[in-house]
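Inspection log for the structure reproduced underneath, given as C-alpha coordinates.
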Amino acid sequence: RETIEHPWSIPDDIRGKLDLENGRDRGRIYRLAPPGFTVPKPPRLGAASNPELVATLENPNSWWRETAQRLLFERRDSAAVPPLRDLLSRSTSELARLHALWTLDGLDALRDEDIARGLADRSAGVREHAVRLAAPRIAKADELRRAVFALAGDDEIRVRYHVAFAAGGVADDSAVDVALAILRRDAADRWVRSAALSAPPDQCVRFAEKLLADPARPGGEGGREVVRQLAFVTGAQNKPANLDAVFAAFDLGPRPSPVAIPPSDQGRSRSQVEEAFWTGLGDGLRQ
(Lines give C-alpha, C1' and ligand atoms only; values in the text may rest on other atoms or scores of the structure.)
Protein backbone atom coordinates (compact mmCIF):
# COMPACT_ATOMS: atom_id res chain seq x y z
CA ARG A 1 0.00 0.00 0.00
CA GLU A 2 0.98 3.60 -0.40
CA THR A 3 0.73 4.23 3.35
CA ILE A 4 2.59 1.74 5.50
CA GLU A 5 2.08 3.34 8.93
CA HIS A 6 -0.53 1.84 11.22
CA PRO A 7 -3.63 4.07 11.28
CA TRP A 8 -3.27 4.52 15.03
CA SER A 9 0.10 6.24 14.53
CA ILE A 10 -1.32 8.89 12.16
CA PRO A 11 -2.91 12.06 13.62
CA ASP A 12 -6.64 12.32 12.93
CA ASP A 13 -6.39 15.46 10.79
CA ILE A 14 -3.80 13.82 8.52
CA ARG A 15 -5.54 10.43 8.42
CA GLY A 16 -8.70 12.12 7.11
CA LYS A 17 -6.82 13.21 4.00
CA LEU A 18 -5.26 9.83 3.19
CA ASP A 19 -6.61 6.87 1.29
CA LEU A 20 -5.24 4.13 3.50
CA GLU A 21 -6.42 1.45 1.03
CA ASN A 22 -4.59 2.93 -1.95
CA GLY A 23 -2.18 0.42 -3.48
CA ARG A 24 -3.53 -2.67 -1.74
CA ASP A 25 -3.73 -4.38 -5.14
CA ARG A 26 -0.02 -3.94 -5.75
CA GLY A 27 3.18 -5.51 -4.44
CA ARG A 28 6.37 -4.10 -2.98
CA ILE A 29 9.75 -3.55 -4.62
CA TYR A 30 11.92 -6.47 -3.47
CA ARG A 31 15.22 -5.78 -5.17
CA LEU A 32 16.75 -3.36 -7.67
CA ALA A 33 19.50 -4.86 -9.80
CA PRO A 34 21.59 -3.54 -12.70
CA PRO A 35 21.37 -5.18 -16.12
CA GLY A 36 23.19 -8.50 -16.31
CA PHE A 37 23.29 -8.91 -12.53
CA THR A 38 23.56 -12.47 -11.25
CA VAL A 39 22.48 -13.21 -7.72
CA PRO A 40 25.48 -14.79 -5.96
CA LYS A 41 25.14 -18.12 -4.23
CA PRO A 42 24.35 -17.73 -0.53
CA PRO A 43 27.34 -18.30 1.75
CA ARG A 44 27.70 -21.53 3.70
CA LEU A 45 30.11 -20.41 6.41
CA GLY A 46 28.84 -23.07 8.78
CA ALA A 47 30.76 -25.62 6.72
CA ALA A 48 33.95 -23.53 6.55
CA SER A 49 37.12 -24.60 8.36
CA ASN A 50 38.65 -22.51 11.13
CA PRO A 51 41.39 -21.09 8.83
CA GLU A 52 38.72 -20.19 6.27
CA LEU A 53 36.67 -18.41 8.94
CA VAL A 54 39.73 -16.50 10.12
CA ALA A 55 40.48 -15.46 6.53
CA THR A 56 36.85 -14.30 6.23
CA LEU A 57 37.52 -11.71 8.94
CA GLU A 58 39.22 -9.70 6.15
CA ASN A 59 36.08 -9.70 3.99
CA PRO A 60 34.87 -6.13 3.25
CA ASN A 61 31.26 -7.28 3.79
CA SER A 62 30.35 -6.88 7.47
CA TRP A 63 27.88 -9.79 7.44
CA TRP A 64 30.62 -12.19 6.39
CA ARG A 65 33.05 -10.89 9.03
CA GLU A 66 30.57 -10.87 11.89
CA THR A 67 29.20 -14.31 11.02
CA ALA A 68 32.72 -15.73 10.83
CA GLN A 69 33.56 -14.23 14.23
CA ARG A 70 30.37 -15.63 15.75
CA LEU A 71 31.08 -19.12 14.42
CA LEU A 72 34.66 -19.03 15.72
CA PHE A 73 33.35 -18.02 19.13
CA GLU A 74 30.66 -20.70 19.15
CA ARG A 75 33.09 -23.45 18.13
CA ARG A 76 35.60 -22.44 20.82
CA ASP A 77 38.30 -24.37 19.02
CA SER A 78 41.81 -23.53 20.22
CA ALA A 79 43.13 -24.44 16.77
CA ALA A 80 41.80 -21.06 15.60
CA VAL A 81 44.13 -19.15 17.94
CA PRO A 82 47.39 -19.32 15.90
CA PRO A 83 45.79 -18.09 12.64
CA LEU A 84 44.05 -15.31 14.59
CA ARG A 85 47.38 -14.15 15.99
CA ASP A 86 48.87 -14.31 12.52
CA LEU A 87 45.98 -12.20 11.21
CA LEU A 88 46.50 -9.66 13.99
CA SER A 89 50.16 -9.26 13.09
CA ARG A 90 50.04 -9.26 9.29
CA SER A 91 46.63 -8.11 8.03
CA THR A 92 46.43 -4.81 6.20
CA SER A 93 42.76 -4.49 7.17
CA GLU A 94 42.16 -2.55 10.38
CA LEU A 95 38.74 -4.21 10.72
CA ALA A 96 40.33 -7.66 10.46
CA ARG A 97 42.86 -6.78 13.17
CA LEU A 98 40.00 -5.52 15.33
CA HIS A 99 38.04 -8.74 14.82
CA ALA A 100 41.15 -10.76 15.64
CA LEU A 101 41.60 -8.99 18.98
CA TRP A 102 38.02 -9.47 20.09
CA THR A 103 37.83 -13.06 18.82
CA LEU A 104 40.95 -13.94 20.81
CA ASP A 105 39.30 -12.35 23.82
CA GLY A 106 36.11 -14.33 23.20
CA LEU A 107 38.14 -17.54 23.09
CA ASP A 108 39.88 -16.63 26.40
CA ALA A 109 43.16 -16.69 24.48
CA LEU A 110 44.04 -12.99 24.48
CA ARG A 111 47.55 -12.35 25.82
CA ASP A 112 49.06 -9.12 27.06
CA GLU A 113 51.37 -9.26 24.03
CA ASP A 114 48.36 -9.28 21.71
CA ILE A 115 46.89 -6.22 23.44
CA ALA A 116 50.26 -4.45 23.31
CA ARG A 117 50.32 -5.02 19.55
CA GLY A 118 46.88 -3.44 19.35
CA LEU A 119 47.96 -0.48 21.47
CA ALA A 120 50.75 0.22 18.98
CA ASP A 121 48.50 -0.22 15.94
CA ARG A 122 48.53 2.47 13.26
CA SER A 123 44.73 2.58 13.34
CA ALA A 124 43.16 4.77 16.03
CA GLY A 125 40.13 2.48 16.09
CA VAL A 126 42.25 -0.55 16.89
CA ARG A 127 44.16 1.40 19.57
CA GLU A 128 40.87 2.47 21.13
CA HIS A 129 39.61 -1.10 21.41
CA ALA A 130 42.98 -2.33 22.63
CA VAL A 131 42.73 0.15 25.52
CA ARG A 132 39.28 -1.22 26.34
CA LEU A 133 40.62 -4.76 26.36
CA ALA A 134 43.60 -3.74 28.48
CA ALA A 135 41.62 -1.84 31.12
CA PRO A 136 40.66 -4.85 33.31
CA ARG A 137 44.30 -6.02 33.35
CA ILE A 138 46.45 -2.96 33.90
CA ALA A 139 46.13 -2.83 37.69
CA LYS A 140 48.27 -5.99 37.83
CA ALA A 141 50.26 -5.72 34.59
CA ASP A 142 52.92 -3.02 34.88
CA GLU A 143 54.21 -3.16 31.31
CA LEU A 144 50.71 -3.10 29.84
CA ARG A 145 49.75 -0.23 32.15
CA ARG A 146 52.70 1.84 30.95
CA ALA A 147 51.73 1.17 27.34
CA VAL A 148 48.13 2.27 27.98
CA PHE A 149 49.12 5.38 29.93
CA ALA A 150 51.53 6.36 27.14
CA LEU A 151 48.45 6.87 24.95
CA ALA A 152 47.27 9.76 27.14
CA GLY A 153 48.83 11.96 24.47
CA ASP A 154 47.29 10.11 21.51
CA ASP A 155 46.14 12.29 18.62
CA GLU A 156 42.63 10.80 18.66
CA ILE A 157 40.25 11.93 21.40
CA ARG A 158 38.40 8.58 21.50
CA VAL A 159 41.66 6.87 22.43
CA ARG A 160 42.34 9.44 25.17
CA TYR A 161 38.75 9.01 26.37
CA HIS A 162 39.23 5.28 26.97
CA VAL A 163 42.66 5.84 28.54
CA ALA A 164 40.94 8.16 31.03
CA PHE A 165 38.45 5.40 31.86
CA ALA A 166 41.25 2.87 32.25
CA ALA A 167 43.15 5.19 34.59
CA GLY A 168 40.10 5.33 36.84
CA GLY A 169 40.59 1.67 37.70
CA VAL A 170 44.17 2.07 38.92
CA ALA A 171 44.74 3.40 42.44
CA ASP A 172 48.13 5.10 42.23
CA ASP A 173 49.63 8.49 41.47
CA SER A 174 50.56 7.57 37.91
CA ALA A 175 46.86 7.12 37.10
CA VAL A 176 46.10 10.53 38.61
CA ASP A 177 48.86 12.10 36.51
CA VAL A 178 47.43 10.49 33.36
CA ALA A 179 43.90 11.74 34.06
CA LEU A 180 45.23 15.21 34.77
CA ALA A 181 47.28 15.25 31.57
CA ILE A 182 44.20 14.28 29.54
CA LEU A 183 42.07 16.95 31.19
CA ARG A 184 44.62 19.66 30.48
CA ARG A 185 43.86 18.97 26.84
CA ASP A 186 40.21 17.86 26.90
CA ALA A 187 38.54 19.52 29.89
CA ALA A 188 36.03 21.18 27.56
CA ASP A 189 34.67 17.78 26.47
CA ARG A 190 32.05 16.58 28.97
CA TRP A 191 32.46 12.93 28.03
CA VAL A 192 36.21 13.00 28.65
CA ARG A 193 35.56 14.80 31.94
CA SER A 194 33.16 12.04 32.96
CA ALA A 195 35.69 9.37 32.01
CA ALA A 196 38.52 11.06 33.91
CA LEU A 197 36.33 11.44 37.02
CA SER A 198 35.05 7.85 36.95
CA ALA A 199 37.58 6.77 39.60
CA PRO A 200 36.53 5.77 43.14
CA PRO A 201 36.06 8.66 45.63
CA ASP A 202 39.46 8.31 47.35
CA GLN A 203 41.18 8.43 43.98
CA CYS A 204 39.12 11.49 42.99
CA VAL A 205 40.28 13.23 46.18
CA ARG A 206 43.93 12.57 45.27
CA PHE A 207 43.10 13.90 41.83
CA ALA A 208 41.53 17.02 43.40
CA GLU A 209 44.65 17.66 45.50
CA LYS A 210 46.93 17.53 42.45
CA LEU A 211 44.58 19.49 40.25
CA LEU A 212 44.03 22.34 42.71
CA ALA A 213 47.76 22.76 43.26
CA ASP A 214 48.67 22.47 39.56
CA PRO A 215 49.74 25.75 37.90
CA ALA A 216 48.88 24.22 34.51
CA ARG A 217 45.42 22.98 35.51
CA PRO A 218 42.78 23.30 32.80
CA GLY A 219 41.10 26.68 32.57
CA GLY A 220 37.88 27.98 31.14
CA GLU A 221 34.40 26.65 31.78
CA GLY A 222 35.56 23.04 31.36
CA GLY A 223 38.31 23.47 33.95
CA ARG A 224 35.88 25.02 36.43
CA GLU A 225 33.46 22.14 35.89
CA VAL A 226 36.24 19.67 36.71
CA VAL A 227 36.89 21.56 39.96
CA ARG A 228 33.17 21.57 40.77
CA GLN A 229 32.74 17.85 40.16
CA LEU A 230 35.83 16.91 42.17
CA ALA A 231 34.67 19.09 45.05
CA PHE A 232 31.25 17.45 44.82
CA VAL A 233 32.78 13.97 45.16
CA THR A 234 34.88 15.13 48.13
CA GLY A 235 31.85 16.61 49.84
CA ALA A 236 29.62 13.61 49.17
CA GLN A 237 32.27 11.27 50.60
CA ASN A 238 32.56 13.54 53.67
CA LYS A 239 35.77 12.15 55.15
CA PRO A 240 37.43 14.72 57.42
CA ALA A 241 40.97 13.76 56.37
CA ASN A 242 40.11 14.09 52.68
CA LEU A 243 38.32 17.39 53.25
CA ASP A 244 41.37 18.75 55.09
CA ALA A 245 43.67 17.66 52.28
CA VAL A 246 41.52 19.28 49.60
CA PHE A 247 41.12 22.49 51.62
CA ALA A 248 44.90 22.73 51.98
CA ALA A 249 45.46 22.12 48.27
CA PHE A 250 42.84 24.70 47.34
CA ASP A 251 44.29 27.30 49.71
CA LEU A 252 47.77 26.80 48.27
CA GLY A 253 46.58 26.59 44.68
CA PRO A 254 47.79 28.92 41.93
CA ARG A 255 46.50 32.47 41.66
CA PRO A 256 45.99 34.20 38.32
CA SER A 257 49.16 35.66 36.86
CA PRO A 258 48.95 39.46 36.31
CA VAL A 259 51.00 38.98 33.16
CA ALA A 260 48.67 36.38 31.66
CA ILE A 261 45.36 38.03 32.64
CA PRO A 262 44.30 41.57 31.68
CA PRO A 263 43.93 44.00 34.62
CA SER A 264 40.16 44.11 34.14
CA ASP A 265 39.96 40.34 34.57
CA GLN A 266 42.45 39.89 37.39
CA GLY A 267 40.79 38.20 40.34
CA ARG A 268 37.79 37.12 38.28
CA SER A 269 39.43 33.83 37.27
CA ARG A 270 40.19 32.94 40.88
CA SER A 271 36.71 33.94 42.04
CA GLN A 272 35.10 31.76 39.36
CA VAL A 273 37.19 28.78 40.47
CA GLU A 274 36.27 29.50 44.09
CA GLU A 275 32.61 29.61 43.17
CA ALA A 276 32.89 26.27 41.37
CA PHE A 277 34.78 24.76 44.30
CA TRP A 278 32.39 25.87 47.06
CA THR A 279 29.27 25.16 45.01
CA GLY A 280 30.45 21.63 44.27
CA LEU A 281 31.51 21.01 47.83
CA GLY A 282 28.20 22.27 49.23
CA ASP A 283 26.17 20.18 46.79
CA GLY A 284 28.23 17.13 47.74
CA LEU A 285 27.86 17.66 51.47
CA ARG A 286 24.13 18.08 50.98
CA GLN A 287 24.08 14.48 49.75
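Ligands are numbered from 1 in the order shown, residues from 1 within each chain, and chains are lettered A, B, ... in the order they appear in the C-alpha coordinates.
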- Message: For Asp108 of chain A, find every residue with an atom within 12 Å (counting only C-alpha atoms), except residues of its own chain fewer than 6 positions away, and show them as a PyMOL selection string.
- Response: chain A and resi 73+76-78+80-81+101-102+133
- Pick out the closest residue to Arg90 of chain A from this set: A:Ala139, A:Glu58, A:Asp105, A:Thr67. Count only C-alpha atoms.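 That would be A:Glu58, the residue with the smallest distance to Arg90 of chain A.
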- Figure out the distance between atom CA of Leu45 of chain A and atom CA of Ala68 of chain A, please, to one decimal in Å.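 Answer for the atom CA of Ala68 of chain A to atom CA of Leu45 of chain A separation: 6.9 Å.
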- Counting only C-alpha atoms, figure out which residue out of A:Phe37, A:Gly220, A:Arg97, A:Glu156 gets nearest to Ala130 of chain A. A:Arg97
- Task: Pull the alpha helix (DSSP H) assignments for segment 107-249 of chain A out of DSSP run on the backbone, and list those residues as a PyMOL selection string.
- Result: chain A and resi 112-119+124-134+142-149+157-167+173-186+190-196+201-212+220-237+240-249
- Item | Straight-line distance linking atom CA of Pro201 of chain A with atom CA of Gln237 of chain A, stated in Å to one decimal |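 Between these atoms lies a distance of 6.8 Å.
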- Query: Using only C-alpha atoms, which residues sit within 12 Å of segment 15-20 of chain A once same-chain residues fewer than 3 positions away are excluded, as JSON, numbers by chain?
  - Reply: {"A": [1, 2, 3, 4, 5, 6, 7, 8, 9, 10, 11, 12, 23, 24]}
Can you write just those residues out, N, CA, C and O atoms, as a PDB file, in the first residue's frame?
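The resulting file, result-v1.pdb, is reproduced below:
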```
ATOM      1  N   ARG A   1       0.836  -1.202   0.000  1.00  0.00           N
ATOM      2  CA  ARG A   1       0.000   0.000   0.000  1.00  0.00           C
ATOM      3  C   ARG A   1       0.868   1.247   0.000  1.00  0.00           C
ATOM      4  O   ARG A   1       2.036   1.210   0.381  1.00  0.00           O
ATOM      5  N   GLU A   2       0.244   2.339  -0.384  1.00  0.00           N
ATOM      6  CA  GLU A   2       0.981   3.604  -0.403  1.00  0.00           C
ATOM      7  C   GLU A   2       1.376   4.009   1.013  1.00  0.00           C
ATOM      8  O   GLU A   2       2.486   4.470   1.267  1.00  0.00           O
ATOM      9  N   THR A   3       0.473   3.842   1.961  1.00  0.00           N
ATOM     10  CA  THR A   3       0.725   4.227   3.348  1.00  0.00           C
ATOM     11  C   THR A   3       1.036   2.973   4.154  1.00  0.00           C
ATOM     12  O   THR A   3       0.216   2.049   4.201  1.00  0.00           O
ATOM     13  N   ILE A   4       2.197   2.951   4.774  1.00  0.00           N
ATOM     14  CA  ILE A   4       2.590   1.741   5.497  1.00  0.00           C
ATOM     15  C   ILE A   4       2.459   1.911   7.004  1.00  0.00           C
ATOM     16  O   ILE A   4       2.556   0.947   7.750  1.00  0.00           O
ATOM     17  N   GLU A   5       2.248   3.160   7.495  1.00  0.00           N
ATOM     18  CA  GLU A   5       2.082   3.342   8.935  1.00  0.00           C
ATOM     19  C   GLU A   5       0.766   2.728   9.397  1.00  0.00           C
ATOM     20  O   GLU A   5      -0.225   2.665   8.659  1.00  0.00           O
ATOM     21  N   HIS A   6       0.726   2.300  10.646  1.00  0.00           N
ATOM     22  CA  HIS A   6      -0.531   1.842  11.224  1.00  0.00           C
ATOM     23  C   HIS A   6      -1.441   3.045  11.414  1.00  0.00           C
ATOM     24  O   HIS A   6      -0.984   4.124  11.808  1.00  0.00           O
ATOM     25  N   PRO A   7      -2.715   2.917  11.132  1.00  0.00           N
ATOM     26  CA  PRO A   7      -3.631   4.068  11.279  1.00  0.00           C
ATOM     27  C   PRO A   7      -3.557   4.726  12.655  1.00  0.00           C
ATOM     28  O   PRO A   7      -3.742   5.936  12.779  1.00  0.00           O
ATOM     29  N   TRP A   8      -3.311   3.956  13.679  1.00  0.00           N
ATOM     30  CA  TRP A   8      -3.271   4.524  15.030  1.00  0.00           C
ATOM     31  C   TRP A   8      -2.113   5.513  15.202  1.00  0.00           C
ATOM     32  O   TRP A   8      -2.158   6.366  16.086  1.00  0.00           O
ATOM     33  N   SER A   9      -1.078   5.374  14.372  1.00  0.00           N
ATOM     34  CA  SER A   9       0.100   6.240  14.527  1.00  0.00           C
ATOM     35  C   SER A   9      -0.026   7.534  13.735  1.00  0.00           C
ATOM     36  O   SER A   9       0.856   8.384  13.799  1.00  0.00           O
ATOM     37  N   ILE A  10      -1.137   7.711  13.002  1.00  0.00           N
ATOM     38  CA  ILE A  10      -1.322   8.888  12.162  1.00  0.00           C
ATOM     39  C   ILE A  10      -2.315   9.833  12.829  1.00  0.00           C
ATOM     40  O   ILE A  10      -3.422   9.412  13.190  1.00  0.00           O
ATOM     41  N   PRO A  11      -1.959  11.108  13.018  1.00  0.00           N
ATOM     42  CA  PRO A  11      -2.908  12.062  13.617  1.00  0.00           C
ATOM     43  C   PRO A  11      -4.218  12.118  12.836  1.00  0.00           C
ATOM     44  O   PRO A  11      -4.251  11.951  11.610  1.00  0.00           O
ATOM     45  N   ASP A  12      -5.313  12.364  13.552  1.00  0.00           N
ATOM     46  CA  ASP A  12      -6.644  12.325  12.935  1.00  0.00           C
ATOM     47  C   ASP A  12      -6.761  13.271  11.746  1.00  0.00           C
ATOM     48  O   ASP A  12      -7.344  12.905  10.712  1.00  0.00           O
ATOM     49  N   GLY A  23      -3.315   1.270  -3.190  1.00  0.00           N
ATOM     50  CA  GLY A  23      -2.177   0.424  -3.481  1.00  0.00           C
ATOM     51  C   GLY A  23      -2.289  -0.980  -2.933  1.00  0.00           C
ATOM     52  O   GLY A  23      -1.352  -1.775  -3.070  1.00  0.00           O
ATOM     53  N   ARG A  24      -3.429  -1.328  -2.334  1.00  0.00           N
ATOM     54  CA  ARG A  24      -3.529  -2.670  -1.736  1.00  0.00           C
ATOM     55  C   ARG A  24      -3.534  -3.775  -2.790  1.00  0.00           C
ATOM     56  O   ARG A  24      -3.338  -4.951  -2.466  1.00  0.00           O
TER      57      ARG A  24
END
```
- Which residue, A:Phe277, A:Ala47, A:Glu209, A:Ala100, has the smallest gap to Asp244 of chain A when you use only C-alpha atoms?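 When distances to Asp244 of chain A are compared using only C-alpha atoms, the smallest one comes from A:Glu209.
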- If we count only C-alpha atoms, what is near Ala208 of chain A at a cut-off of 7 Å, once residues fewer than 4 positions away on the same chain are taken out, given as a PyMOL selection string? chain A and resi 204+212+230+246
- Message: With distances taken over only C-alpha atoms, which residue among A:Ala187, A:Ala147, A:Leu72, A:Ala96 lies nearest Ile115 of chain A?
- Response: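 Under the stated criterion, the closest residue is A:Ala147.
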Enumerate, in order of chain and increasing residue number, the residues of segment 121-146 of chain A with an atom no farther than 9 Å from segment 160-178 of chain A, each with its shortest atom pair and distance in Å to one decimal, counting only C-alpha atoms, as a Markdown table.
```
| residue | atom | partner | partner_atom | distance |
| --- | --- | --- | --- | --- |
| A:Glu128 | CA | A:His162 | CA | 6.7 |
| A:His129 | CA | A:His162 | CA | 8.5 |
| A:Val131 | CA | A:His162 | CA | 6.4 |
| A:Arg132 | CA | A:His162 | CA | 6.5 |
| A:Ala134 | CA | A:Ala166 | CA | 8.0 |
| A:Ala135 | CA | A:Ala166 | CA | 4.9 |
| A:Pro136 | CA | A:Ala166 | CA | 7.8 |
| A:Ile138 | CA | A:Val170 | CA | 7.5 |
| A:Ala139 | CA | A:Val170 | CA | 5.4 |
| A:Arg145 | CA | A:Ala167 | CA | 8.9 |
```
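Each of A:Phe232, A:Asp214, A:Leu32, A:Asn50 was compared to Pro82 of chain A using only C-alpha atoms, and A:Asn50 turns out to be the nearest.
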- Pick from A:Leu285, A:Ala195, A:Arg31, A:Glu225: nearest to Asn238 of chain A, with only C-alpha atoms counted? A:Leu285
- Task: Give me, please, the distance in Å between atom CA of Ser194 of chain A and atom CA of Glu143 of chain A, quoted to one decimal.
- Result: 26.0 Å
- Item | Spatial neighbours of Leu71 of chain A, 12 Å, only C-alpha atoms, chain gap at least 5 places, as a ChimeraX atom specification | /A:44-54,56-57,64-66,76-77,80,103,106-107
